[in-house]
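Encoded as structure tokens, the structure appears first; notes follow it.
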Amino acid sequence: MSTTAAPSKVSGFRWDPVFDELGFPKDPDNMYTQTVATMLEAAEVVGLPHRVKIILAQPKNELMVHFPVRMDDGHHKLFKGYRVQHNNALGPYKGGLRFHPDVHLDDVKSLALLMTIKCSAVRLPLGGGKGGVKCDPRKLSAGELQRVARRFTAAIINDIGPDYDIPAPDVGTNAQVMAWIADTYQMSNNTRSNDGMRIVTGKPVEIGGSLGREKATGQGVADVLEEMLPQMGIPIQGMKVSVQGFGNVGSWAGRILQKMGARVVAVMDHTGCLRNDEGFDCEALAGHCREAGGIAGFEKHGGTTSSGNAHGKGATEITVDEFYQTPVDVFIPAALEQMVQSREAEMLQCRVIIEGANGPVTPEGDEVLNRRGIHVIPDILANAGGVTVSHFEWVQNKTAHMWDEETVDRELKRYMVMAARRTLLAANKYDVPLRQAAYCSSLEHLGAVYKVRGIFP
Ligand code: NAD
């Protein structure tokens, strides 16, 4: 593989005739339209039949619910929730639940489509779904959050199932929220089965969660880098990394890469941006985030942790622009969608971007990065570690058997390495950048499945 990215065969956003056929609104900034456009461009490259293109361009089911929740002060508030089931040709719908104030239908549809493409890219027997509740979990008390989670579960209870649609955590939800969902499902259904414990993945280990699930997405990011970086001429030992978003994905990717010998020199989250040329102590920074709710203030902790690690020593506050301009080998966007637009793409001083987040780079951003010869390892490959270990959790629950963490890590690495190799093969076969290559590899598989299954009746 060449050490600079292949030029894109498609520039930015292309209006496919399928959009007119299906009556899409002409809004190229719409995230769902952008995601479908990326899929259709790759579909063109692999020669996917028209019938499969139109099936994949729309979700099978879009569910929107409204439900009241009693708040701590006694008044009732109405919440809006979504569950989008994009495609189940490969297996049950699978995808996270996001609790965030900006959740809306088009974004959930995009994320559901990404799940279909991702599961196929990794060759998991799962389809794609996504859901969420429009709320700000940081402003809810623990009791309110629990009531939102349980009442949302009740609202969608007839539309999910352990062999039909299996939610998981995403931004704003975690293992505790999954435990409340599992318990609500169990209490509301046939209590003589144990279906409730199989209805979600990402559960606490005590109720059937998998060892290694919490770190799985960050671990998958590291596994993909370990496979691909040597081909780009970048050794992990000593490489410099910047991380945007220091939540589940970003903090685990940072911690694991630091253990592998990399230096995390810049971090950004919703509370600010920090730089440390010596490299952050990512374990200490993750601990600070758990206590303080974000990275802000870490630079004021000059002492040492009980394990003797330097805390925030050497860290200084920087601006958002300075964060993007920090020279690094690898930039890991691991926060939210559409954060790297053309302006940010022009500012970045890195050789490789690995998308820990879903859809962090817009098509315009992608175009700039391609022109600048920066490799982008796309979300559907890079962050597939989460759904892969979710699949392992589902298998463990189905077989009433628990794997040890070594087995989980070994199997995860096997899936991630194989998916990375398929992507590199597709990049060579079709002479396309890595994003298109990962889509091509995924769509080849979905196309083969539709070919043998046919379309009912
Ligand atoms: P999280 O809630 O644990 O962390 C999100 C991080 O983003 C936090 O550090 C937050 O401060 C930061 N952030 C939020 N708004 C920001 C802003 N405006 N500017 C800068 N930073 C901001 O979420 P997560 O689970 O780590 O997910 C992050 C991304 O990874 C999402 O796109 C999610 O869909 C994707 N993803 C997560 C998993 C998983 O297993 N958790 C799997 C695949 C993909």
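Chain identifiers are assigned as A, B, and so on, following the order in which chains appear in the structure tokens; residues are numbered from 1 within each chain, and ligands are numbered from 1 in order of appearance.
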
Legend entry - Surrounding residues of stretch 171-179 of chain A excluding itself and chain neighbours under 6 positions, 10 Å, only C-alpha atoms, as a VMD selection string: chain A and resid 96 to 101 132 to 133 135 to 138 145 to 146 148 to 150 185 196 to 197 199 to 209 213 to 214 247 to 249 335 to 336 357

Inset, instruction - Within stretch 49-144 of chain A, find each residue whose DSSP state, derived from the backbone, is strand (DSSP E or B), and express the selection as a PyMOL selection string. - result: chain A and resi 61-70+76-87+93-100+128-134

Legend entry - Contact residues around A:Leu111 with only C-alpha atoms at 8 Å, ignoring same-chain residues under 6 positions, as a list in words: Gly129, Lys130 and Asn358 of chain A

Keeping only C-alpha atoms, write the selected residues to a file as a PDB file, in the first residue's frame.
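And here's part-v3.pdb as it stands now:
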```
ATOM      1  CA  GLY A 129     -30.394  -0.556  13.777  1.00  0.00           C
ATOM      2  CA  LYS A 130     -30.065   2.485  16.006  1.00  0.00           C
ATOM      3  CA  ASN A 358     -19.488   7.399  13.707  1.00  0.00           C
TER       4      ASN A 358
END
```

Within 8 Å of A:Met402, counting only C-alpha atoms, which residues qualify if same-chain residues fewer than 4 places away don't, as a PDB file with N, CA and C atoms, in the first residue's frame?
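The result, stored in part_38.pdb:
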```pdb
ATOM      1  N   SER A 210     -20.393  -9.119  28.615  1.00  0.00           N
ATOM      2  CA  SER A 210     -19.153  -9.822  28.259  1.00  0.00           C
ATOM      3  C   SER A 210     -17.954  -9.124  28.879  1.00  0.00           C
ATOM      4  N   GLN A 396     -22.578 -15.583  23.841  1.00  0.00           N
ATOM      5  CA  GLN A 396     -22.379 -16.128  25.193  1.00  0.00           C
ATOM      6  C   GLN A 396     -23.719 -16.278  25.910  1.00  0.00           C
ATOM      7  N   ASN A 397     -24.618 -15.276  25.749  1.00  0.00           N
ATOM      8  CA  ASN A 397     -25.931 -15.347  26.390  1.00  0.00           C
ATOM      9  C   ASN A 397     -26.764 -16.489  25.799  1.00  0.00           C
TER      10      ASN A 397
END
```

Inset, instruction - Please indicate the distance in Å from atom CA of A:Thr407 to atom CA of A:Leu257, rounded to one decimal place. - result: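 Atom-to-atom, atom CA of A:Thr407 and atom CA of A:Leu257 are spaced 20.1 Å apart.
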
Inset, instruction - Name the residues of stretch 161-363 of chain A that come out as helix (DSSP H, G or I) in a backbone DSSP run; write them as a PyMOL selection string. - result: chain A and resi 175-188+195-198+205-207+216-232+248-259+282-292+298-300+320-325+342-347+363

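Between atom CA of A:Val452 and atom CA of A:Leu124 lies a distance of 17.4 Å.
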
Legend entry - Distance of atom CA of A:Gln244 from atom 26 (O, counted along the ligand's line) of ligand 1, expressed in Å to one decimal place: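 So the two atoms, atom 26 (O, counted along the ligand's line) of ligand 1 and atom CA of A:Gln244, lie 9.9 Å apart.
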
Inset, instruction - Please identify all polymer residues within 9 Å of stretch 46-56 of chain A, counting only C-alpha atoms, omitting same-chain residues fewer than 2 positions from it, and present them as JSON, numbers by chain. - result: {"A": [18, 21, 22, 36, 39, 40, 42, 43, 44, 58, 59, 60, 86, 87, 113, 116, 430, 440, 441, 443, 444, 446, 447, 450, 455]}
